[in-house]
Amino acid sequence: MKKRILILMALLVAIVTGAWAQTTKTIYVYPKAWNMTGCKIALYAWSPSSMFDDLYKSTTYPECYAIEVDKDLETCILVQLPETASNDWSNMISQTYNIDLEGVDDNILIIIKESSSGDHPTEVTTIDHLNEYIDEISAATHEYVDLGLSTGTLWATTNIGATNPEDYGDYFAWGETETNKSSYTWTTYKWRDSSSGQLTKYCTESSYGTVDNKTVLDLEDDAAYKNWGSDWRMPTLEELNELIDECSWEFMQVNGVKGYKVSGTKPGYTDRYIFLPAGGYKNSSYNNPNNEHGGYWLSTLNVEYCYNGMDLYFKSYFHNPDGNGERYNGQPIRPVYSTKTEPVVAPGLPIDKLTSPTRASATG
């Protein structure tokens with residue numbers, strides 16, 4: 001009995017004296033304003049101890065990078081560097097200064113924001129507000145059009161990364177959520193082992209890789225969900241077929257950019273439409289959109305040949321679902337809105353912005 005009392009007293013002393021007190025805290029960084037392709041983030045701090053260490057990609061919060069720091073750290077500097085560069089100020093790409101962490105004990109979230117002036121203002125909060133922030137950005141900046149489709153699917157007015165409907169926006173490999181890679185090849189593709197050539201995810205045939213029988217992208221691999229927030233996702237093959245079957249398609253130009261005007265056909269919806277620019281695709285041999293054909297990824301796998309993803313492919317004389325796009329290709333994505341609760345609604349582009357281009361040859 002006396003021994004138990006002594007142990008309990010020792011525990012109480014340890015707690016009171018802070019011997020078991022937390023000595024570190026976690027900092028998460030949401031770097032949406034930075035293009036992280038080929039880059040890393042390093043944190044510099046000079047008090048209570050000097051450090052210049054890399055942040056790591058968080059597995060708990062894949063949108064963020066994270067680092068453990070001394071619990072007494074109150075200010076720091078974040079620096080963006082090339083991925084393979086040493087941590088030296090001379091290698092700096094961009095940075096944020098004087099981030100004040102005082103008053104937040106743990107699970108700190110630093111949000112790097114974009115600004116019209118070109119700098120990167122920051123907001124310091126806690127990781128609990130991450131999804132709230134992503135959803136707020138999504139609701140504030142993205143619009144959809146209700147085309148009167150049978151399923152109620154709502155299509156976005158722009159591609160991911162685009163400001164205007166006629167902008168090509170960002171290019172993604174199928175199942176990847178980071179954009180504008182320096183190269184789009186099997187070697188750089190996330191879901192293929194570069195040494196064996198085998199697929200590591202979204203595989204339905206053992207001769208091609210590790211079979212998981214996943215035929216639709218998980219949300220964690222959905223570029224729309226990850227870049228625009230939880231209200232958005234990539235369209236499925238079924239949703240594309242509905243768009244083709246229930247809408248009229250006319251090859252047009254908007255501000256010199258060729259593409260398809262896709263209009264509703266049901267009464268009350270004939271003045272509603274979206275514009276899909278002909279942004280082409282990117283890979284090792286083709287890296288410049290030619291304003292003649294378009295490719296848009298869907299979230300659906302080509303189950304007959306799982307090295308490919310399903311997409312919309314079009315030229316001026318056809319617009320069809322296609323399963324010939326190799327998954328490493330970079331293509332634009334046109335998201336769909338996943339709910340019908342109070343989004344920002346747009347009726348479509350002004351008709352007078354559209355003009356008919358010269359119809360492309362049916363060869364080639």
# chains A, B, ... in the order shown; residues from 1 in each chain; ligands from 1
>>> select_by_dssp(residues="region 224-331 of chain A", states="strand (DSSP E)", output="PDB file with N, CA, C and O atoms, in the first residue's frame")
ATOM      1  N   TRP A 232     -17.697  20.168 -54.432  1.00  0.00           N
ATOM      2  CA  TRP A 232     -17.408  19.925 -55.845  1.00  0.00           C
ATOM      3  C   TRP A 232     -16.715  18.588 -56.031  1.00  0.00           C
ATOM      4  O   TRP A 232     -16.040  18.089 -55.144  1.00  0.00           O
ATOM      5  N   ARG A 233     -16.887  18.002 -57.214  1.00  0.00           N
ATOM      6  CA  ARG A 233     -16.196  16.763 -57.568  1.00  0.00           C
ATOM      7  C   ARG A 233     -16.099  16.667 -59.084  1.00  0.00           C
ATOM      8  O   ARG A 233     -16.719  17.449 -59.817  1.00  0.00           O
ATOM      9  N   CYS A 247     -28.484  17.703 -73.877  1.00  0.00           N
ATOM     10  CA  CYS A 247     -28.137  19.084 -74.237  1.00  0.00           C
ATOM     11  C   CYS A 247     -27.807  19.186 -75.721  1.00  0.00           C
ATOM     12  O   CYS A 247     -27.495  18.188 -76.377  1.00  0.00           O
ATOM     13  N   SER A 248     -27.864  20.388 -76.248  1.00  0.00           N
ATOM     14  CA  SER A 248     -27.403  20.649 -77.617  1.00  0.00           C
ATOM     15  C   SER A 248     -25.950  21.106 -77.558  1.00  0.00           C
ATOM     16  O   SER A 248     -25.555  21.832 -76.646  1.00  0.00           O
ATOM     17  N   TRP A 249     -25.152  20.654 -78.537  1.00  0.00           N
ATOM     18  CA  TRP A 249     -23.731  20.963 -78.579  1.00  0.00           C
ATOM     19  C   TRP A 249     -23.426  21.705 -79.874  1.00  0.00           C
ATOM     20  O   TRP A 249     -23.731  21.224 -80.966  1.00  0.00           O
ATOM     21  N   GLU A 250     -22.805  22.872 -79.757  1.00  0.00           N
ATOM     22  CA  GLU A 250     -22.466  23.674 -80.925  1.00  0.00           C
ATOM     23  C   GLU A 250     -21.032  24.176 -80.797  1.00  0.00           C
ATOM     24  O   GLU A 250     -20.671  24.816 -79.809  1.00  0.00           O
ATOM     25  N   PHE A 251     -20.210  23.857 -81.806  1.00  0.00           N
ATOM     26  CA  PHE A 251     -18.820  24.290 -81.785  1.00  0.00           C
ATOM     27  C   PHE A 251     -18.754  25.776 -82.116  1.00  0.00           C
ATOM     28  O   PHE A 251     -19.225  26.212 -83.164  1.00  0.00           O
ATOM     29  N   MET A 252     -18.183  26.553 -81.189  1.00  0.00           N
ATOM     30  CA  MET A 252     -18.210  28.011 -81.294  1.00  0.00           C
ATOM     31  C   MET A 252     -16.856  28.593 -80.887  1.00  0.00           C
ATOM     32  O   MET A 252     -15.912  27.865 -80.619  1.00  0.00           O
ATOM     33  N   GLN A 253     -16.809  29.913 -80.831  1.00  0.00           N
ATOM     34  CA  GLN A 253     -15.658  30.635 -80.287  1.00  0.00           C
ATOM     35  C   GLN A 253     -16.118  31.612 -79.228  1.00  0.00           C
ATOM     36  O   GLN A 253     -17.168  32.240 -79.361  1.00  0.00           O
ATOM     37  N   VAL A 254     -15.315  31.753 -78.184  1.00  0.00           N
ATOM     38  CA  VAL A 254     -15.503  32.796 -77.191  1.00  0.00           C
ATOM     39  C   VAL A 254     -14.184  33.550 -77.062  1.00  0.00           C
ATOM     40  O   VAL A 254     -13.164  32.965 -76.698  1.00  0.00           O
ATOM     41  N   VAL A 257     -11.305  31.808 -78.558  1.00  0.00           N
ATOM     42  CA  VAL A 257     -11.032  30.453 -78.084  1.00  0.00           C
ATOM     43  C   VAL A 257     -12.132  29.522 -78.584  1.00  0.00           C
ATOM     44  O   VAL A 257     -13.316  29.751 -78.330  1.00  0.00           O
ATOM     45  N   LYS A 258     -11.748  28.464 -79.278  1.00  0.00           N
ATOM     46  CA  LYS A 258     -12.719  27.510 -79.803  1.00  0.00           C
ATOM     47  C   LYS A 258     -13.147  26.529 -78.715  1.00  0.00           C
ATOM     48  O   LYS A 258     -12.398  26.228 -77.784  1.00  0.00           O
ATOM     49  N   GLY A 259     -14.362  26.024 -78.884  1.00  0.00           N
ATOM     50  CA  GLY A 259     -14.874  25.048 -77.936  1.00  0.00           C
ATOM     51  C   GLY A 259     -16.353  24.806 -78.175  1.00  0.00           C
ATOM     52  O   GLY A 259     -16.919  25.279 -79.168  1.00  0.00           O
ATOM     53  N   TYR A 260     -16.977  24.075 -77.262  1.00  0.00           N
ATOM     54  CA  TYR A 260     -18.392  23.757 -77.398  1.00  0.00           C
ATOM     55  C   TYR A 260     -19.242  24.561 -76.438  1.00  0.00           C
ATOM     56  O   TYR A 260     -18.959  24.635 -75.240  1.00  0.00           O
ATOM     57  N   LYS A 261     -20.299  25.140 -77.004  1.00  0.00           N
ATOM     58  CA  LYS A 261     -21.378  25.710 -76.210  1.00  0.00           C
ATOM     59  C   LYS A 261     -22.381  24.575 -75.977  1.00  0.00           C
ATOM     60  O   LYS A 261     -22.938  24.012 -76.920  1.00  0.00           O
ATOM     61  N   VAL A 262     -22.597  24.230 -74.708  1.00  0.00           N
ATOM     62  CA  VAL A 262     -23.478  23.125 -74.342  1.00  0.00           C
ATOM     63  C   VAL A 262     -24.709  23.718 -73.661  1.00  0.00           C
ATOM     64  O   VAL A 262     -24.609  24.284 -72.567  1.00  0.00           O
ATOM     65  N   SER A 263     -25.861  23.611 -74.293  1.00  0.00           N
ATOM     66  CA  SER A 263     -27.066  24.308 -73.850  1.00  0.00           C
ATOM     67  C   SER A 263     -28.141  23.337 -73.393  1.00  0.00           C
ATOM     68  O   SER A 263     -28.288  22.231 -73.922  1.00  0.00           O
ATOM     69  N   GLY A 264     -28.932  23.779 -72.416  1.00  0.00           N
ATOM     70  CA  GLY A 264     -30.091  23.016 -71.998  1.00  0.00           C
ATOM     71  C   GLY A 264     -31.147  23.003 -73.090  1.00  0.00           C
ATOM     72  O   GLY A 264     -31.249  23.939 -73.888  1.00  0.00           O
ATOM     73  N   TYR A 273     -26.405  27.630 -70.416  1.00  0.00           N
ATOM     74  CA  TYR A 273     -25.372  26.851 -71.086  1.00  0.00           C
ATOM     75  C   TYR A 273     -24.023  27.014 -70.409  1.00  0.00           C
ATOM     76  O   TYR A 273     -23.815  27.919 -69.590  1.00  0.00           O
ATOM     77  N   ILE A 274     -23.110  26.127 -70.740  1.00  0.00           N
ATOM     78  CA  ILE A 274     -21.709  26.228 -70.336  1.00  0.00           C
ATOM     79  C   ILE A 274     -20.861  26.238 -71.603  1.00  0.00           C
ATOM     80  O   ILE A 274     -21.332  25.852 -72.684  1.00  0.00           O
ATOM     81  N   PHE A 275     -19.620  26.688 -71.470  1.00  0.00           N
ATOM     82  CA  PHE A 275     -18.687  26.677 -72.597  1.00  0.00           C
ATOM     83  C   PHE A 275     -17.477  25.833 -72.205  1.00  0.00           C
ATOM     84  O   PHE A 275     -16.864  26.056 -71.156  1.00  0.00           O
ATOM     85  N   LEU A 276     -17.140  24.848 -73.054  1.00  0.00           N
ATOM     86  CA  LEU A 276     -15.998  23.965 -72.829  1.00  0.00           C
ATOM     87  C   LEU A 276     -14.905  24.291 -73.836  1.00  0.00           C
ATOM     88  O   LEU A 276     -15.025  23.934 -75.015  1.00  0.00           O
ATOM     89  N   PRO A 277     -13.856  25.004 -73.430  1.00  0.00           N
ATOM     90  CA  PRO A 277     -12.804  25.381 -74.384  1.00  0.00           C
ATOM     91  C   PRO A 277     -11.992  24.175 -74.841  1.00  0.00           C
ATOM     92  O   PRO A 277     -11.821  23.202 -74.097  1.00  0.00           O
ATOM     93  N   GLY A 294     -10.435  19.100 -77.561  1.00  0.00           N
ATOM     94  CA  GLY A 294     -10.508  19.193 -76.111  1.00  0.00           C
ATOM     95  C   GLY A 294     -10.550  17.833 -75.454  1.00  0.00           C
ATOM     96  O   GLY A 294     -11.107  16.872 -75.997  1.00  0.00           O
ATOM     97  N   GLY A 295      -9.945  17.734 -74.287  1.00  0.00           N
ATOM     98  CA  GLY A 295     -10.001  16.523 -73.475  1.00  0.00           C
ATOM     99  C   GLY A 295     -10.278  16.894 -72.036  1.00  0.00           C
ATOM    100  O   GLY A 295      -9.593  17.767 -71.489  1.00  0.00           O
ATOM    101  N   TYR A 296     -11.278  16.275 -71.425  1.00  0.00           N
ATOM    102  CA  TYR A 296     -11.664  16.577 -70.048  1.00  0.00           C
ATOM    103  C   TYR A 296     -11.775  15.276 -69.251  1.00  0.00           C
ATOM    104  O   TYR A 296     -12.558  14.384 -69.611  1.00  0.00           O
ATOM    105  N   TRP A 297     -11.011  15.173 -68.168  1.00  0.00           N
ATOM    106  CA  TRP A 297     -11.046  13.955 -67.363  1.00  0.00           C
ATOM    107  C   TRP A 297     -12.383  13.782 -66.661  1.00  0.00           C
ATOM    108  O   TRP A 297     -12.992  14.745 -66.185  1.00  0.00           O
ATOM    109  N   LEU A 298     -12.801  12.533 -66.546  1.00  0.00           N
ATOM    110  CA  LEU A 298     -13.901  12.120 -65.695  1.00  0.00           C
ATOM    111  C   LEU A 298     -13.325  11.373 -64.493  1.00  0.00           C
ATOM    112  O   LEU A 298     -12.140  11.027 -64.474  1.00  0.00           O
ATOM    113  N   SER A 299     -14.153  11.088 -63.506  1.00  0.00           N
ATOM    114  CA  SER A 299     -13.670  10.356 -62.330  1.00  0.00           C
ATOM    115  C   SER A 299     -13.718   8.850 -62.556  1.00  0.00           C
ATOM    116  O   SER A 299     -13.334   8.074 -61.677  1.00  0.00           O
ATOM    117  N   THR A 300     -14.161   8.409 -63.736  1.00  0.00           N
ATOM    118  CA  THR A 300     -14.390   6.998 -64.029  1.00  0.00           C
ATOM    119  C   THR A 300     -13.168   6.362 -64.700  1.00  0.00           C
ATOM    120  O   THR A 300     -12.593   6.940 -65.627  1.00  0.00           O
ATOM    121  N   LEU A 301     -12.813   5.181 -64.245  1.00  0.00           N
ATOM    122  CA  LEU A 301     -11.722   4.408 -64.837  1.00  0.00           C
ATOM    123  C   LEU A 301     -12.205   3.694 -66.096  1.00  0.00           C
ATOM    124  O   LEU A 301     -13.370   3.307 -66.202  1.00  0.00           O
ATOM    125  N   ASN A 308      -5.854   3.460 -68.657  1.00  0.00           N
ATOM    126  CA  ASN A 308      -6.505   4.657 -69.181  1.00  0.00           C
ATOM    127  C   ASN A 308      -7.650   5.092 -68.267  1.00  0.00           C
ATOM    128  O   ASN A 308      -8.258   4.269 -67.579  1.00  0.00           O
ATOM    129  N   GLY A 309      -7.934   6.384 -68.292  1.00  0.00           N
ATOM    130  CA  GLY A 309      -9.110   6.905 -67.623  1.00  0.00           C
ATOM    131  C   GLY A 309     -10.139   7.321 -68.659  1.00  0.00           C
ATOM    132  O   GLY A 309      -9.808   7.561 -69.825  1.00  0.00           O
ATOM    133  N   MET A 310     -11.389   7.405 -68.251  1.00  0.00           N
ATOM    134  CA  MET A 310     -12.434   7.873 -69.162  1.00  0.00           C
ATOM    135  C   MET A 310     -12.418   9.397 -69.207  1.00  0.00           C
ATOM    136  O   MET A 310     -12.148  10.059 -68.200  1.00  0.00           O
ATOM    137  N   ASP A 311     -12.718   9.937 -70.378  1.00  0.00           N
ATOM    138  CA  ASP A 311     -12.746  11.388 -70.518  1.00  0.00           C
ATOM    139  C   ASP A 311     -13.729  11.787 -71.613  1.00  0.00           C
ATOM    140  O   ASP A 311     -14.269  10.947 -72.334  1.00  0.00           O
ATOM    141  N   LEU A 312     -13.970  13.071 -71.694  1.00  0.00           N
ATOM    142  CA  LEU A 312     -14.658  13.660 -72.838  1.00  0.00           C
ATOM    143  C   LEU A 312     -13.586  14.080 -73.829  1.00  0.00           C
ATOM    144  O   LEU A 312     -12.650  14.791 -73.465  1.00  0.00           O
ATOM    145  N   TYR A 313     -13.708  13.630 -75.067  1.00  0.00           N
ATOM    146  CA  TYR A 313     -12.770  14.062 -76.101  1.00  0.00           C
ATOM    147  C   TYR A 313     -13.577  14.614 -77.264  1.00  0.00           C
ATOM    148  O   TYR A 313     -14.575  14.012 -77.687  1.00  0.00           O
ATOM    149  N   PHE A 314     -13.163  15.775 -77.783  1.00  0.00           N
ATOM    150  CA  PHE A 314     -13.929  16.365 -78.877  1.00  0.00           C
ATOM    151  C   PHE A 314     -13.054  17.122 -79.858  1.00  0.00           C
ATOM    152  O   PHE A 314     -11.952  17.578 -79.530  1.00  0.00           O
ATOM    153  N   LYS A 315     -13.572  17.209 -81.068  1.00  0.00           N
ATOM    154  CA  LYS A 315     -13.128  18.150 -82.086  1.00  0.00           C
ATOM    155  C   LYS A 315     -14.381  18.837 -82.604  1.00  0.00           C
ATOM    156  O   LYS A 315     -15.465  18.633 -82.069  1.00  0.00           O
ATOM    157  N   PHE A 318     -17.139  16.126 -83.612  1.00  0.00           N
ATOM    158  CA  PHE A 318     -17.633  15.079 -82.732  1.00  0.00           C
ATOM    159  C   PHE A 318     -17.362  15.469 -81.277  1.00  0.00           C
ATOM    160  O   PHE A 318     -16.487  16.269 -80.967  1.00  0.00           O
ATOM    161  N   HIS A 319     -18.127  14.878 -80.379  1.00  0.00           N
ATOM    162  CA  HIS A 319     -17.922  15.052 -78.939  1.00  0.00           C
ATOM    163  C   HIS A 319     -18.407  13.780 -78.259  1.00  0.00           C
ATOM    164  O   HIS A 319     -19.589  13.534 -78.163  1.00  0.00           O
ATOM    165  N   ASN A 320     -17.470  12.961 -77.816  1.00  0.00           N
ATOM    166  CA  ASN A 320     -17.804  11.631 -77.323  1.00  0.00           C
ATOM    167  C   ASN A 320     -17.074  11.293 -76.024  1.00  0.00           C
ATOM    168  O   ASN A 320     -15.964  11.791 -75.780  1.00  0.00           O
ATOM    169  N   PRO A 321     -17.660  10.401 -75.228  1.00  0.00           N
ATOM    170  CA  PRO A 321     -16.881   9.794 -74.142  1.00  0.00           C
ATOM    171  C   PRO A 321     -15.759   8.979 -74.773  1.00  0.00           C
ATOM    172  O   PRO A 321     -15.937   8.389 -75.845  1.00  0.00           O
ATOM    173  N   ASP A 322     -14.618   8.932 -74.125  1.00  0.00           N
ATOM    174  CA  ASP A 322     -13.460   8.276 -74.721  1.00  0.00           C
ATOM    175  C   ASP A 322     -12.676   7.577 -73.609  1.00  0.00           C
ATOM    176  O   ASP A 322     -12.561   8.089 -72.497  1.00  0.00           O
ATOM    177  N   GLY A 323     -12.120   6.421 -73.915  1.00  0.00           N
ATOM    178  CA  GLY A 323     -11.320   5.697 -72.937  1.00  0.00           C
ATOM    179  C   GLY A 323      -9.901   5.494 -73.377  1.00  0.00           C
ATOM    180  O   GLY A 323      -9.209   4.597 -72.886  1.00  0.00           O
ATOM    181  N   ASN A 324      -9.428   6.320 -74.318  1.00  0.00           N
ATOM    182  CA  ASN A 324      -8.088   6.154 -74.867  1.00  0.00           C
ATOM    183  C   ASN A 324      -7.046   7.068 -74.234  1.00  0.00           C
ATOM    184  O   ASN A 324      -5.888   7.062 -74.636  1.00  0.00           O
ATOM    185  N   GLY A 325      -7.464   7.875 -73.256  1.00  0.00           N
ATOM    186  CA  GLY A 325      -6.509   8.781 -72.625  1.00  0.00           C
ATOM    187  C   GLY A 325      -5.690   8.079 -71.561  1.00  0.00           C
ATOM    188  O   GLY A 325      -6.230   7.574 -70.566  1.00  0.00           O
ATOM    189  N   GLU A 326      -4.377   7.975 -71.773  1.00  0.00           N
ATOM    190  CA  GLU A 326      -3.510   7.359 -70.765  1.00  0.00           C
ATOM    191  C   GLU A 326      -3.508   8.216 -69.508  1.00  0.00           C
ATOM    192  O   GLU A 326      -3.465   9.442 -69.570  1.00  0.00           O
TER     193      GLU A 326
END
>>> atom_distance(atom1="CA of Asp54 (chain A)", atom2="CA of Gly161 (chain A)")
27.1 Å
>>> select_by_dssp(residues="region 67-258 of chain A", states="alpha helix (DSSP H)", output="list of chain:residue names")
A:Leu130, A:Asn131, A:Glu132, A:Tyr133, A:Ile134, A:Asp135, A:Glu136, A:Ile137, A:Ser138, A:Ala139, A:Ala140, A:Thr141, A:Ala223, A:Ala224, A:Tyr225, A:Lys226, A:Asn227, A:Trp228, A:Leu237, A:Glu238, A:Glu239, A:Leu240, A:Asn241, A:Glu242, A:Leu243, A:Ile244, A:Asp245, A:Glu246
>>> write_last_selection(atoms="N, CA and C atoms", output="PDB file, in the first residue's frame")
ATOM      1  N   LEU A 130      -9.857  24.078 -41.155  1.00  0.00           N
ATOM      2  CA  LEU A 130      -9.367  23.846 -42.509  1.00  0.00           C
ATOM      3  C   LEU A 130     -10.512  23.646 -43.504  1.00  0.00           C
ATOM      4  N   ASN A 131     -11.401  22.690 -43.247  1.00  0.00           N
ATOM      5  CA  ASN A 131     -12.494  22.422 -44.186  1.00  0.00           C
ATOM      6  C   ASN A 131     -13.424  23.615 -44.309  1.00  0.00           C
ATOM      7  N   GLU A 132     -13.620  24.315 -43.213  1.00  0.00           N
ATOM      8  CA  GLU A 132     -14.449  25.512 -43.234  1.00  0.00           C
ATOM      9  C   GLU A 132     -13.858  26.553 -44.182  1.00  0.00           C
ATOM     10  N   TYR A 133     -12.541  26.710 -44.132  1.00  0.00           N
ATOM     11  CA  TYR A 133     -11.880  27.677 -45.006  1.00  0.00           C
ATOM     12  C   TYR A 133     -11.967  27.243 -46.460  1.00  0.00           C
ATOM     13  N   ILE A 134     -11.724  25.965 -46.737  1.00  0.00           N
ATOM     14  CA  ILE A 134     -11.785  25.468 -48.115  1.00  0.00           C
ATOM     15  C   ILE A 134     -13.184  25.658 -48.686  1.00  0.00           C
ATOM     16  N   ASP A 135     -14.202  25.337 -47.884  1.00  0.00           N
ATOM     17  CA  ASP A 135     -15.583  25.499 -48.347  1.00  0.00           C
ATOM     18  C   ASP A 135     -15.935  26.965 -48.576  1.00  0.00           C
ATOM     19  N   GLU A 136     -15.400  27.835 -47.729  1.00  0.00           N
ATOM     20  CA  GLU A 136     -15.655  29.268 -47.877  1.00  0.00           C
ATOM     21  C   GLU A 136     -15.073  29.789 -49.185  1.00  0.00           C
ATOM     22  N   ILE A 137     -13.850  29.356 -49.491  1.00  0.00           N
ATOM     23  CA  ILE A 137     -13.209  29.764 -50.740  1.00  0.00           C
ATOM     24  C   ILE A 137     -14.003  29.233 -51.935  1.00  0.00           C
ATOM     25  N   SER A 138     -14.440  27.980 -51.837  1.00  0.00           N
ATOM     26  CA  SER A 138     -15.206  27.366 -52.918  1.00  0.00           C
ATOM     27  C   SER A 138     -16.492  28.134 -53.195  1.00  0.00           C
ATOM     28  N   ALA A 139     -17.250  28.409 -52.136  1.00  0.00           N
ATOM     29  CA  ALA A 139     -18.543  29.087 -52.305  1.00  0.00           C
ATOM     30  C   ALA A 139     -18.374  30.500 -52.831  1.00  0.00           C
ATOM     31  N   ALA A 140     -17.259  31.117 -52.515  1.00  0.00           N
ATOM     32  CA  ALA A 140     -17.061  32.520 -52.875  1.00  0.00           C
ATOM     33  C   ALA A 140     -16.584  32.704 -54.313  1.00  0.00           C
ATOM     34  N   THR A 141     -15.990  31.676 -54.894  1.00  0.00           N
ATOM     35  CA  THR A 141     -15.299  31.908 -56.154  1.00  0.00           C
ATOM     36  C   THR A 141     -15.782  31.068 -57.332  1.00  0.00           C
ATOM     37  N   ALA A 223      -9.539  15.779 -58.137  1.00  0.00           N
ATOM     38  CA  ALA A 223      -8.929  17.114 -58.210  1.00  0.00           C
ATOM     39  C   ALA A 223      -9.929  18.218 -57.907  1.00  0.00           C
ATOM     40  N   ALA A 224     -11.191  18.042 -58.291  1.00  0.00           N
ATOM     41  CA  ALA A 224     -12.203  19.062 -58.006  1.00  0.00           C
ATOM     42  C   ALA A 224     -12.472  19.146 -56.513  1.00  0.00           C
ATOM     43  N   TYR A 225     -12.635  18.017 -55.880  1.00  0.00           N
ATOM     44  CA  TYR A 225     -12.892  17.967 -54.439  1.00  0.00           C
ATOM     45  C   TYR A 225     -11.727  18.571 -53.661  1.00  0.00           C
ATOM     46  N   LYS A 226     -10.513  18.242 -54.049  1.00  0.00           N
ATOM     47  CA  LYS A 226      -9.339  18.690 -53.306  1.00  0.00           C
ATOM     48  C   LYS A 226      -8.998  20.148 -53.571  1.00  0.00           C
ATOM     49  N   ASN A 227      -9.293  20.653 -54.770  1.00  0.00           N
ATOM     50  CA  ASN A 227      -8.919  22.025 -55.109  1.00  0.00           C
ATOM     51  C   ASN A 227     -10.039  23.034 -54.897  1.00  0.00           C
ATOM     52  N   TRP A 228     -11.288  22.604 -55.019  1.00  0.00           N
ATOM     53  CA  TRP A 228     -12.412  23.526 -54.900  1.00  0.00           C
ATOM     54  C   TRP A 228     -13.214  23.321 -53.626  1.00  0.00           C
ATOM     55  N   LEU A 237     -18.778   9.131 -65.785  1.00  0.00           N
ATOM     56  CA  LEU A 237     -19.117   8.799 -67.171  1.00  0.00           C
ATOM     57  C   LEU A 237     -20.620   8.934 -67.388  1.00  0.00           C
ATOM     58  N   GLU A 238     -21.408   8.504 -66.413  1.00  0.00           N
ATOM     59  CA  GLU A 238     -22.858   8.595 -66.533  1.00  0.00           C
ATOM     60  C   GLU A 238     -23.315  10.049 -66.646  1.00  0.00           C
ATOM     61  N   GLU A 239     -22.679  10.933 -65.895  1.00  0.00           N
ATOM     62  CA  GLU A 239     -23.055  12.348 -65.944  1.00  0.00           C
ATOM     63  C   GLU A 239     -22.662  12.991 -67.270  1.00  0.00           C
ATOM     64  N   LEU A 240     -21.530  12.567 -67.836  1.00  0.00           N
ATOM     65  CA  LEU A 240     -21.159  13.073 -69.160  1.00  0.00           C
ATOM     66  C   LEU A 240     -22.162  12.588 -70.206  1.00  0.00           C
ATOM     67  N   ASN A 241     -22.531  11.311 -70.155  1.00  0.00           N
ATOM     68  CA  ASN A 241     -23.508  10.798 -71.116  1.00  0.00           C
ATOM     69  C   ASN A 241     -24.820  11.565 -71.034  1.00  0.00           C
ATOM     70  N   GLU A 242     -25.226  11.919 -69.814  1.00  0.00           N
ATOM     71  CA  GLU A 242     -26.438  12.713 -69.643  1.00  0.00           C
ATOM     72  C   GLU A 242     -26.280  14.094 -70.283  1.00  0.00           C
ATOM     73  N   LEU A 243     -25.121  14.703 -70.098  1.00  0.00           N
ATOM     74  CA  LEU A 243     -24.863  16.018 -70.684  1.00  0.00           C
ATOM     75  C   LEU A 243     -24.928  15.944 -72.209  1.00  0.00           C
ATOM     76  N   ILE A 244     -24.404  14.848 -72.783  1.00  0.00           N
ATOM     77  CA  ILE A 244     -24.425  14.678 -74.236  1.00  0.00           C
ATOM     78  C   ILE A 244     -25.842  14.419 -74.735  1.00  0.00           C
ATOM     79  N   ASP A 245     -26.562  13.564 -74.032  1.00  0.00           N
ATOM     80  CA  ASP A 245     -27.888  13.148 -74.495  1.00  0.00           C
ATOM     81  C   ASP A 245     -28.959  14.226 -74.321  1.00  0.00           C
ATOM     82  N   GLU A 246     -28.841  15.053 -73.273  1.00  0.00           N
ATOM     83  CA  GLU A 246     -29.924  15.972 -72.936  1.00  0.00           C
ATOM     84  C   GLU A 246     -29.643  17.426 -73.288  1.00  0.00           C
TER      85      GLU A 246
END
